[in-house]
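Student: Sharing coords-v5.pdb below, PDB, C-alpha atoms (C1' of nucleotides):
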```
ATOM      1  CA  MET A   5     130.454  95.876 110.888
ATOM      2  CA  ARG A   6     128.495  97.145 107.923
ATOM      3  CA  ILE A   7     124.772  96.740 107.429
ATOM      4  CA  GLY A   8     125.010  93.822 104.990
ATOM      5  CA  GLU A   9     126.997  91.723 107.434
ATOM      6  CA  LEU A  10     124.691  92.620 110.300
ATOM      7  CA  GLY A  11     121.726  91.564 108.188
ATOM      8  CA  GLU A  12     123.330  88.263 107.291
ATOM      9  CA  ARG A  13     124.170  87.461 110.896
ATOM     10  CA  ALA A  14     120.921  88.658 112.465
ATOM     11  CA  GLY A  15     118.596  87.401 109.743
ATOM     12  CA  PHE A  16     117.246  90.690 108.428
ATOM     13  CA  ARG A  17     117.576  92.461 105.101
ATOM     14  CA  PRO A  18     119.454  95.779 105.048
ATOM     15  CA  LYS A  19     116.286  97.452 103.842
ATOM     16  CA  THR A  20     114.439  96.123 106.887
ATOM     17  CA  ILE A  21     117.140  97.260 109.267
ATOM     18  CA  ARG A  22     117.032 100.752 107.781
ATOM     19  CA  TYR A  23     113.260 100.665 108.116
ATOM     20  CA  TYR A  24     113.548  99.714 111.786
ATOM     21  CA  GLU A  25     115.941 102.582 112.324
ATOM     22  CA  GLN A  26     113.592 104.964 110.527
ATOM     23  CA  ILE A  27     110.627 104.031 112.730
ATOM     24  CA  GLY A  28     112.770 104.354 115.801
ATOM     25  CA  LEU A  29     112.759 100.684 116.711
ATOM     26  CA  VAL A  30     116.543 100.450 116.778
ATOM     27  CA  PRO A  31     119.041 103.234 117.331
ATOM     28  CA  GLU A  32     121.066 104.947 114.665
ATOM     29  CA  PRO A  33     124.550 103.469 114.600
ATOM     30  CA  ALA A  34     127.847 105.265 114.281
ATOM     31  CA  ARG A  35     129.107 106.058 110.765
ATOM     32  CA  LEU A  36     132.375 105.312 108.977
ATOM     33  CA  PRO A  37     134.158 108.232 107.295
ATOM     34  CA  ASN A  38     132.571 107.216 103.967
ATOM     35  CA  GLY A  39     129.041 107.509 105.398
ATOM     36  CA  TYR A  40     128.460 103.762 105.803
ATOM     37  CA  ARG A  41     126.738 102.586 108.953
ATOM     38  CA  ASP A  42     129.063 100.967 111.445
ATOM     39  CA  TYR A  43     127.401  98.500 113.813
ATOM     40  CA  GLU A  44     128.667  96.983 117.050
ATOM     41  CA  GLU A  45     128.343  93.280 117.815
ATOM     42  CA  SER A  46     125.551  94.107 120.247
ATOM     43  CA  ALA A  47     123.351  95.134 117.335
ATOM     44  CA  ILE A  48     123.053  91.440 116.402
ATOM     45  CA  GLY A  49     121.571  90.641 119.783
ATOM     46  CA  LEU A  50     119.189  93.556 119.563
ATOM     47  CA  LEU A  51     117.859  92.488 116.171
ATOM     48  CA  ARG A  52     117.537  88.900 117.344
ATOM     49  CA  PHE A  53     115.530  90.210 120.256
ATOM     50  CA  VAL A  54     113.248  91.991 117.803
ATOM     51  CA  GLY A  55     112.827  88.822 115.765
ATOM     52  CA  ALA A  56     112.063  86.744 118.849
ATOM     53  CA  ALA A  57     109.533  89.272 120.077
ATOM     54  CA  GLN A  58     107.883  89.238 116.649
ATOM     55  CA  SER A  59     107.730  85.455 116.714
ATOM     56  CA  ILE A  60     105.695  85.538 119.920
ATOM     57  CA  GLY A  61     103.245  87.899 118.345
ATOM     58  CA  LEU A  62     104.285  91.351 119.448
ATOM     59  CA  THR A  63     103.835  94.211 116.971
ATOM     60  CA  LEU A  64     106.745  96.474 116.234
ATOM     61  CA  GLY A  65     105.037  99.158 118.263
ATOM     62  CA  GLU A  66     104.869  96.872 121.281
ATOM     63  CA  ILE A  67     108.464  95.805 120.791
ATOM     64  CA  ARG A  68     109.498  99.427 120.709
ATOM     65  CA  GLU A  69     107.778 100.030 124.035
ATOM     66  CA  VAL A  70     109.482  97.031 125.557
ATOM     67  CA  LEU A  71     112.842  98.081 124.194
ATOM     68  CA  ALA A  72     112.368 101.474 125.719
ATOM     69  CA  PHE A  73     112.273  99.835 129.145
ATOM     70  CA  ARG A  74     115.038  97.409 128.343
ATOM     71  CA  ASN A  75     117.273 100.204 127.208
ATOM     72  CA  ARG A  76     116.708 101.985 130.459
ATOM     73  CA  ALA A  77     117.536  98.778 132.313
ATOM     74  CA  GLU A  78     114.370  99.077 134.349
ATOM     75  CA  GLN A  79     112.475  96.137 135.688
ATOM     76  CA  PRO A  80     109.157  95.368 133.990
ATOM     77  CA  CYS A  81     106.597  97.834 135.184
ATOM     78  CA  GLU A  82     102.859  97.463 135.238
ATOM     79  CA  HIS A  83     102.838  98.533 131.645
ATOM     80  CA  VAL A  84     104.955  95.656 130.418
ATOM     81  CA  LEU A  85     103.093  93.221 132.637
ATOM     82  CA  GLY A  86      99.934  94.520 131.057
ATOM     83  CA  VAL A  87     101.331  93.645 127.642
ATOM     84  CA  ILE A  88     102.166  90.155 128.881
ATOM     85  CA  ASP A  89      98.734  89.619 130.407
ATOM     86  CA  ARG A  90      97.026  90.713 127.256
ATOM     87  CA  HIS A  91      99.044  88.248 125.269
ATOM     88  CA  VAL A  92      98.566  85.358 127.676
ATOM     89  CA  GLU A  93      94.840  85.914 127.548
ATOM     90  CA  GLY A  94      94.748  86.129 123.781
ATOM     91  CA  LEU A  95      97.046  83.143 123.473
ATOM     92  CA  GLY A  96      94.755  80.890 125.458
ATOM     93  CA  GLU A  97      91.877  81.745 123.192
ATOM     94  CA  ARG A  98      93.903  81.358 120.042
ATOM     95  CA  ILE A  99      95.275  78.017 121.153
ATOM     96  CA  ARG A 100      91.796  76.697 121.907
ATOM     97  CA  ALA A 101      90.488  77.920 118.572
ATOM     98  CA  LEU A 102      93.428  76.458 116.691
ATOM     99  CA  GLU A 103      93.135  73.105 118.437
ATOM    100  CA  SER A 104      89.458  72.925 117.697
ATOM    101  CA  MET A 105      90.163  73.883 114.112
ATOM    102  CA  ARG A 106      92.862  71.291 113.814
ATOM    103  CA  ARG A 107      90.673  68.514 115.153
ATOM    104  CA  ASP A 108      87.891  69.485 112.793
ATOM    105  CA  LEU A 109      90.166  69.643 109.800
ATOM    106  CA  LEU A 110      91.742  66.301 110.599
ATOM    107  CA  ARG A 111      88.336  64.720 110.961
ATOM    108  CA  LEU A 112      87.181  66.305 107.746
ATOM    109  CA  ALA A 113      90.240  65.149 105.868
ATOM    110  CA  ARG A 114      89.699  61.609 107.130
ATOM    111  CA  ARG A 115      86.028  61.588 106.242
ATOM    112  CA  SER A 116      86.669  63.033 102.809
ATOM    113  CA  ARG A 117      89.190  60.342 102.071
ATOM    114  CA  LEU A 118      86.963  57.552 103.346
ATOM    115  CA  VAL A 119      83.830  58.840 101.657
ATOM    116  CA  PRO A 120      85.078  60.657  98.593
ATOM    117  CA  ARG A 121      81.530  61.244  97.322
ATOM    118  CA  ARG A 122      80.503  63.220 100.387
ATOM    119  CA  ARG A 123      79.245  66.544  99.149
ATOM    120  CA  ALA A 124      80.061  70.021 100.462
ATOM    121  CA  ALA A 125      81.555  68.507 103.588
ATOM    122  CA  TYR A 126      84.172  71.223 103.877
ATOM    123  CA  CYS A 127      81.566  73.956 104.025
ATOM    124  CA  HIS A 128      79.710  72.066 106.672
ATOM    125  CA  ILE A 129      82.768  71.974 108.927
ATOM    126  CA  ILE A 130      83.542  75.633 108.521
ATOM    127  CA  GLN A 131      80.006  76.425 109.483
ATOM    128  CA  GLU A 132      80.337  74.298 112.582
ATOM    129  CA  VAL A 133      83.461  76.221 113.523
ATOM    130  CA  GLY A 134      81.635  79.460 113.008
ATOM    131  CA  SER A 135      78.779  78.468 115.275
ATOM    132  CA  HIS A 136      80.947  77.735 118.330
TER     133      HIS A 136
ATOM    134  CA  MET B   2      66.856  92.970 101.951
ATOM    135  CA  ARG B   3      69.101  95.977 101.548
ATOM    136  CA  ILE B   4      72.831  96.064 102.286
ATOM    137  CA  GLY B   5      72.544  97.757 105.668
ATOM    138  CA  GLU B   6      70.238  95.082 107.028
ATOM    139  CA  LEU B   7      72.401  92.312 105.621
ATOM    140  CA  GLY B   8      75.426  93.867 107.293
ATOM    141  CA  GLU B   9      73.635  94.110 110.633
ATOM    142  CA  ARG B  10      72.485  90.516 110.527
ATOM    143  CA  ALA B  11      75.714  88.995 109.177
ATOM    144  CA  GLY B  12      78.118  91.144 111.173
ATOM    145  CA  PHE B  13      79.805  93.066 108.362
ATOM    146  CA  ARG B  14      79.829  96.712 107.376
ATOM    147  CA  PRO B  15      78.224  97.679 104.050
ATOM    148  CA  LYS B  16      81.578  98.971 102.885
ATOM    149  CA  THR B  17      83.101  95.578 103.581
ATOM    150  CA  ILE B  18      80.328  93.746 101.749
ATOM    151  CA  ARG B  19      80.805  95.969  98.715
ATOM    152  CA  TYR B  20      84.524  95.300  98.943
ATOM    153  CA  TYR B  21      83.919  91.553  98.992
ATOM    154  CA  GLU B  22      81.701  91.892  95.959
ATOM    155  CA  GLN B  23      84.331  93.979  94.196
ATOM    156  CA  ILE B  24      87.065  91.375  94.735
ATOM    157  CA  GLY B  25      84.739  88.642  93.610
ATOM    158  CA  LEU B  26      84.424  86.930  96.967
ATOM    159  CA  VAL B  27      80.635  87.126  96.974
ATOM    160  CA  PRO B  28      78.308  87.418  94.000
ATOM    161  CA  GLU B  29      76.608  90.586  92.856
ATOM    162  CA  PRO B  30      73.028  90.613  94.096
ATOM    163  CA  ALA B  31      69.901  91.608  92.244
ATOM    164  CA  ARG B  32      68.978  95.303  92.218
ATOM    165  CA  LEU B  33      65.814  97.134  93.179
ATOM    166  CA  PRO B  34      64.361  99.588  90.618
ATOM    167  CA  ASN B  35      66.089 102.449  92.450
ATOM    168  CA  GLY B  36      69.489 100.835  92.056
ATOM    169  CA  TYR B  37      69.784  99.544  95.641
ATOM    170  CA  ARG B  38      71.217  96.067  96.129
ATOM    171  CA  ASP B  39      68.604  93.479  96.996
ATOM    172  CA  TYR B  40      69.900  90.477  98.946
ATOM    173  CA  GLU B  41      68.284  87.121  99.594
ATOM    174  CA  GLU B  42      68.298  85.503 103.034
ATOM    175  CA  SER B  43      70.951  83.084 101.828
ATOM    176  CA  ALA B  44      73.431  85.961 101.615
ATOM    177  CA  ILE B  45      73.535  85.990 105.431
ATOM    178  CA  GLY B  46      74.709  82.405 105.519
ATOM    179  CA  LEU B  47      77.294  83.071 102.859
ATOM    180  CA  LEU B  48      78.783  86.007 104.769
ATOM    181  CA  ARG B  49      78.767  84.023 108.006
ATOM    182  CA  PHE B  50      80.659  81.336 106.155
ATOM    183  CA  VAL B  51      83.228  83.938 105.127
ATOM    184  CA  GLY B  52      83.556  85.147 108.713
ATOM    185  CA  ALA B  53      83.964  81.631 110.041
ATOM    186  CA  ALA B  54      86.574  80.796 107.441
ATOM    187  CA  GLN B  55      88.466  83.966 108.358
ATOM    188  CA  SER B  56      88.340  83.047 112.013
ATOM    189  CA  ILE B  57      90.169  79.780 111.321
ATOM    190  CA  GLY B  58      92.896  81.650 109.492
ATOM    191  CA  LEU B  59      92.001  81.418 105.839
ATOM    192  CA  THR B  60      92.832  84.425 103.658
ATOM    193  CA  LEU B  61      90.145  85.918 101.478
ATOM    194  CA  GLY B  62      91.896  84.393  98.470
ATOM    195  CA  GLU B  63      91.667  80.954  99.999
ATOM    196  CA  ILE B  64      88.063  81.504 100.976
ATOM    197  CA  ARG B  65      87.293  82.491  97.424
ATOM    198  CA  GLU B  66      88.794  79.243  96.161
ATOM    199  CA  VAL B  67      86.759  77.232  98.620
ATOM    200  CA  LEU B  68      83.593  79.105  97.741
ATOM    201  CA  ALA B  69      84.184  78.382  94.094
ATOM    202  CA  PHE B  70      83.881  74.697  94.869
ATOM    203  CA  ARG B  71      81.039  75.142  97.304
ATOM    204  CA  ASN B  72      79.069  77.080  94.748
ATOM    205  CA  ARG B  73      79.447  74.313  92.255
ATOM    206  CA  ALA B  74      78.250  71.832  94.876
ATOM    207  CA  GLU B  75      81.228  69.632  94.208
ATOM    208  CA  GLN B  76      82.770  67.423  96.811
ATOM    209  CA  PRO B  77      86.182  68.512  98.047
ATOM    210  CA  CYS B  78      88.697  67.749  95.424
ATOM    211  CA  GLU B  79      92.408  67.277  95.842
ATOM    212  CA  HIS B  80      92.812  71.012  95.700
ATOM    213  CA  VAL B  81      90.626  71.657  98.735
ATOM    214  CA  LEU B  82      92.151  68.739 100.597
ATOM    215  CA  GLY B  83      95.507  70.305  99.833
ATOM    216  CA  VAL B  84      94.328  73.518 101.487
ATOM    217  CA  ILE B  85      93.222  71.521 104.519
ATOM    218  CA  ASP B  86      96.490  69.605 104.780
ATOM    219  CA  ARG B  87      98.480  72.807 104.547
ATOM    220  CA  HIS B  88      96.478  74.265 107.365
ATOM    221  CA  VAL B  89      96.642  71.203 109.566
ATOM    222  CA  GLU B  90     100.386  71.191 109.204
ATOM    223  CA  GLY B  91     100.741  74.865 109.881
ATOM    224  CA  LEU B  92      98.290  74.637 112.748
ATOM    225  CA  GLY B  93     100.339  72.056 114.578
ATOM    226  CA  GLU B  94     103.368  74.298 114.404
ATOM    227  CA  ARG B  95     101.460  77.371 115.419
ATOM    228  CA  ILE B  96      99.854  75.612 118.346
ATOM    229  CA  ARG B  97     103.210  74.391 119.617
ATOM    230  CA  ALA B  98     104.735  77.846 119.253
ATOM    231  CA  LEU B  99     101.784  79.480 120.977
ATOM    232  CA  GLU B 100     101.811  76.980 123.833
ATOM    233  CA  SER B 101     105.508  77.470 124.362
ATOM    234  CA  MET B 102     104.973  81.213 124.241
ATOM    235  CA  ARG B 103     102.130  81.024 126.699
ATOM    236  CA  ARG B 104     104.103  78.940 129.174
ATOM    237  CA  ASP B 105     107.009  81.346 128.970
ATOM    238  CA  LEU B 106     104.831  84.379 129.440
ATOM    239  CA  LEU B 107     102.995  82.841 132.385
ATOM    240  CA  ARG B 108     106.268  81.941 134.031
ATOM    241  CA  LEU B 109     107.601  85.405 133.410
ATOM    242  CA  ALA B 110     104.511  87.057 134.812
ATOM    243  CA  ARG B 111     104.739  84.910 137.941
ATOM    244  CA  ARG B 112     108.407  85.635 138.448
ATOM    245  CA  SER B 113     107.954  89.318 137.885
ATOM    246  CA  ARG B 114     105.233  89.469 140.503
ATOM    247  CA  LEU B 115     107.174  87.420 143.068
ATOM    248  CA  VAL B 116     110.436  89.256 142.540
ATOM    249  CA  PRO B 117     109.414  92.739 141.526
ATOM    250  CA  ARG B 118     113.029  93.960 141.656
ATOM    251  CA  ARG B 119     114.185  91.435 139.086
ATOM    252  CA  ARG B 120     115.780  93.400 136.288
ATOM    253  CA  ALA B 121     115.254  93.042 132.548
ATOM    254  CA  ALA B 122     113.542  89.710 133.117
ATOM    255  CA  TYR B 123     111.184  90.245 130.229
ATOM    256  CA  CYS B 124     114.015  90.636 127.778
ATOM    257  CA  HIS B 125     115.606  87.505 129.067
ATOM    258  CA  ILE B 126     112.474  85.465 128.374
ATOM    259  CA  ILE B 127     112.045  86.795 124.902
ATOM    260  CA  GLN B 128     115.594  85.827 124.147
ATOM    261  CA  GLU B 129     114.949  82.338 125.458
ATOM    262  CA  VAL B 130     111.977  82.077 123.144
ATOM    263  CA  GLY B 131     114.124  83.165 120.256
ATOM    264  CA  SER B 132     116.736  80.550 120.950
ATOM    265  CA  HIS B 133     114.360  77.578 120.745
TER     266      HIS B 133
ATOM    267  C1'  DG C  13     141.026 102.108  84.851
ATOM    268  C1'  DT C  14     136.870  99.206  84.954
ATOM    269  C1'  DA C  15     133.266  96.372  86.660
ATOM    270  C1'  DG C  16     130.511  94.796  90.001
ATOM    271  C1'  DA C  17     129.164  94.356  94.720
ATOM    272  C1'  DG C  18     127.725  96.929  98.391
ATOM    273  C1'  DG C  19     126.644 101.165 100.376
ATOM    274  C1'  DT C  20     123.786 105.933 100.753
ATOM    275  C1'  DT C  21     119.129 108.811 100.746
ATOM    276  C1'  DC C  22     114.675 109.712  99.172
ATOM    277  C1'  DC C  23     110.328 108.717  97.645
ATOM    278  C1'  DA C  24     106.917 105.818  96.495
ATOM    279  C1'  DG C  25     104.948 101.290  96.036
ATOM    280  C1'  DT C  26     103.281  96.418  97.538
ATOM    281  C1'  DC C  27     100.372  93.341 100.082
ATOM    282  C1'  DG C  28      96.040  92.229 102.287
ATOM    283  C1'  DA C  29      92.043  93.820 104.480
ATOM    284  C1'  DC C  30      89.665  97.029 104.725
ATOM    285  C1'  DT C  31      87.954 102.311 105.182
ATOM    286  C1'  DG C  32      87.167 107.368 104.228
ATOM    287  C1'  DG C  33      85.285 110.850 101.640
ATOM    288  C1'  DA C  34      83.257 113.273  97.767
ATOM    289  C1'  DA C  35      79.315 113.809  95.053
ATOM    290  C1'  DG C  36      74.987 112.693  94.463
ATOM    291  C1'  DG C  37      70.335 109.894  94.579
ATOM    292  C1'  DT C  38      66.248 107.684  97.288
ATOM    293  C1'  DC C  39      62.856 107.295 100.744
ATOM    294  C1'  DA C  40      60.107 107.708 104.836
ATOM    295  C1'  DA C  41      58.651 110.408 108.662
ATOM    296  C1'  DC C  42      57.411 114.788 110.122
TER     297       DC C  42
ATOM    298  C1'  DG D   1      58.576 120.523 101.446
ATOM    299  C1'  DT D   2      62.340 119.325 104.606
ATOM    300  C1'  DT D   3      65.383 116.490 107.105
ATOM    301  C1'  DG D   4      68.008 112.773 108.033
ATOM    302  C1'  DA D   5      69.002 107.963 107.327
ATOM    303  C1'  DC D   6      70.360 105.030 103.865
ATOM    304  C1'  DC D   7      71.765 104.083  99.371
ATOM    305  C1'  DT D   8      74.947 104.513  94.959
ATOM    306  C1'  DT D   9      79.791 104.827  92.487
ATOM    307  C1'  DC D  10      84.390 106.182  92.272
ATOM    308  C1'  DC D  11      88.763 107.102  93.823
ATOM    309  C1'  DA D  12      92.004 107.273  97.087
ATOM    310  C1'  DG D  13      93.646 106.491 101.712
ATOM    311  C1'  DT D  14      94.855 103.758 106.174
ATOM    312  C1'  DC D  15      97.280 100.313 108.729
ATOM    313  C1'  DG D  16     101.354  97.542 109.570
ATOM    314  C1'  DA D  17     105.325  95.479 107.752
ATOM    315  C1'  DC D  18     107.916  95.815 104.730
ATOM    316  C1'  DT D  19     110.073  96.506  99.626
ATOM    317  C1'  DG D  20     111.361  98.565  94.994
ATOM    318  C1'  DG D  21     113.692 101.770  92.365
ATOM    319  C1'  DA D  22     116.157 105.942  91.054
ATOM    320  C1'  DA D  23     120.264 108.387  91.438
ATOM    321  C1'  DC D  24     124.464 108.380  93.199
ATOM    322  C1'  DC D  25     128.855 107.069  96.049
ATOM    323  C1'  DT D  26     132.589 103.713  97.710
ATOM    324  C1'  DC D  27     135.607 100.008  97.494
ATOM    325  C1'  DT D  28     137.941  95.884  95.976
ATOM    326  C1'  DA D  29     139.491  92.656  92.629
ATOM    327  C1'  DC D  30     141.001  92.208  88.129
TER     328       DC D  30
END
```
In structure tokens, write the structure found in this file.
Tutor:
Amino acid sequence: MRIGELGERAGFRPKTIRYYEQIGLVPEPARLPNGYRDYEESAIGLLRFVGAAQSIGLTLGEIREVLAFRNRAEQPCEHVLGVIDRHVEGLGERIRALESMRRDLLRLARRSRLVPRRRAAYCHIIQEVGSH
Amino acid sequence: MRIGELGERAGFRPKTIRYYEQIGLVPEPARLPNGYRDYEESAIGLLRFVGAAQSIGLTLGEIREVLAFRNRAEQPCEHVLGVIDRHVEGLGERIRALESMRRDLLRLARRSRLVPRRRAAYCHIIQEVGSH
DNA sequence: GTAGAGGTTCCAGTCGACTGGAAGGTCAAC
DNA sequence: GTTGACCTTCCAGTCGACTGGAACCTCTAC
């Protein structure tokens, strides 16, 4: 299939797919006699993989590393486990921060609606967040 | 105090402080006779506010909006409450996504360590994440 | 044959958040 | 007086993830 169809089905713009190919994230596909890229069905899965990896916070660089192992059909090595551990650690912190933030913002929104004359209350909350 | 000291005490580089001034995030300070910037103590609190707001995910543009209201000592108006609501909503989603991600990664890490010969397990998990 | 959609490469730009570097001034300690 | 740390402005660059646009080709429907 051509690049436009691949993009439609995998959820990426052609420009983005070409960009990914340029930075070596995905392989160059075969070409039709007219020079158009000709993708296999498997390219959809690969791009979906990239999208999923992005959605869990991996950078394109990290995804490329992971794909390198996937493409070689090797089991995760210490390197990939290291990537996972780093993310798990960071995730815990981010979740705690976000939950705290959410609670604060909900409380603030409630207070602001109950006491509309309360002054500078938003700034007060942000400063509490900052002092944790 | 001069910009270097402010940066030390507030946790920002002088370059960054000048950048914030340039984009209108923080006000221009007074100047000494030699042209050096001369900051009041309150500038530390303002920059800490910026840092705290960044840490809960606000963009500089959003922080600037909030500061505009703070500086006028007005109570949060509908606009600021709108910013809060947007963030609360987005936060809930992000927290759920991060928690799901964290669970998946923890499970993956455990499985990978118990069954070190398991092949391409990482890719499998990412694809599960993507299919949620 | 024509028009328009879709494709190609190449090069540069956008966005947001900084950061580097050039060119030069100021100041305090030695 | 000299040196080195710190300051100034200005202009452009970096990073990561794209995206726009120019110039041109290909193909299908009318």
Student: Expand the PyMOL selection byres ((chain C) within 10 of (chain A)) into the explicit residue set it covers here, and present it as a PyMOL selection string.
Tutor: chain C and resi 18-20
Student: In Å to one decimal, how far is C1' of DA5 in chain D from C1' of DC30 in chain C?
Tutor: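 Going from C1' of DC30 in chain C over to C1' of DA5 in chain D covers 23.5 Å.
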Student: Just want the 12 Å neighbourhood of DA23 in chain D, counted on only C-alpha atoms (C1' of nucleotides), with same-chain residues fewer than 4 positions away dropped. Output as a PyMOL selection string.
Tutor: chain C and resi 20-23
Student: Run the PyMOL selection byres ((chain D) within 9 of (chain B)) on the file and write out the hits as a PDB file with C-alpha atoms (C1' of nucleotides), in the frame of the given file.
Tutor:
```
ATOM      1  C1'  DC D   6      70.360 105.030 103.865  1.00  0.00           C
ATOM      2  C1'  DC D   7      71.765 104.083  99.371  1.00  0.00           C
ATOM      3  C1'  DT D   8      74.947 104.513  94.959  1.00  0.00           C
TER       4       DT D   8
END
```
Student: So, counting all atoms listed in the file, which residue among B:Gly62, B:Leu26, B:Ala53, B:Ala69 is closest to chain A?
Tutor: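 The answer is B:Ala53, which sits nearest to chain A.
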Student: Give me the result of the PyMOL selection byres ((chain B and resi 18) around 12) on this file, residue by residue, as a ChimeraX atom specification.
Tutor: /B:3-9,11-17,19-30,38,40,44-45,47-49,51-52 /C:30-31
Student: Measure the distance from CA of Met2 in chain B to CA of Leu59 in chain B in Å and round it to one decimal.
Tutor: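 Here the two named atoms are 27.9 Å from each other.
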Student: Could you state the separation of CA of Arg13 in chain A and CA of Ser46 in chain A in Å, given to one decimal place?
Tutor: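 Interatomic distance here is 11.6 Å.
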Student: Of the residues A:Leu36, A:Glu66, A:Glu45, A:Ala57, which is the one nearest to chain B, using all atoms listed in the file?
Tutor: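 Counting all atoms listed in the file, the residue closest to chain B is A:Ala57.
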Student: With only C-alpha atoms as the atoms that count, which of A:Asp42, A:Ala34, A:Ile67, A:Phe53 lies nearest to chain B?
Tutor: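 So, comparing all the options, the nearest one is A:Phe53.
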Student: DT3 in chain D: which residues within 12 Å, counting only C-alpha atoms (C1' of nucleotides), same-chain residues fewer than 3 positions away excluded, as a list in words?
Tutor: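 Residues meeting the cut-off are DC39, DA40, DA41 and DC42 of chain C.
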Student: Could you tell me, as a ChimeraX atom specification, which residues have any atom at most 12 Å from (93.6, 108.4, 95.0), counting all atoms listed in the file?
Tutor: /C:32-34 /D:10-13
Student: Determine the nearest neighbour of chain B from the options A:Gln58, A:Pro37, A:Thr63, A:Glu44, counting all atoms listed in the file.
Tutor: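 Among A:Gln58, A:Pro37, A:Thr63, A:Glu44, it is A:Gln58 that comes nearest to chain B.
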Student: Write out as a ChimeraX atom specification which residues come within 10 Å of DC27 in chain C when counting all atoms listed in the file, dropping same-chain ones fewer than 2 positions away.
Tutor: /C:29 /D:17-18
Student: Keeping only C-alpha atoms (C1' of nucleotides), write those residues as a short mmCIF file (atom, residue, chain, number, x, y, z; two decimals), in the coordinates of the input.
Tutor:
```
data_model
loop_
_atom_site.label_atom_id
_atom_site.label_comp_id
_atom_site.auth_asym_id
_atom_site.auth_seq_id
_atom_site.Cartn_x
_atom_site.Cartn_y
_atom_site.Cartn_z
"C1'" DA C 29 92.04 93.82 104.48
"C1'" DA D 17 105.32 95.48 107.75
"C1'" DC D 18 107.92 95.82 104.73
#
```
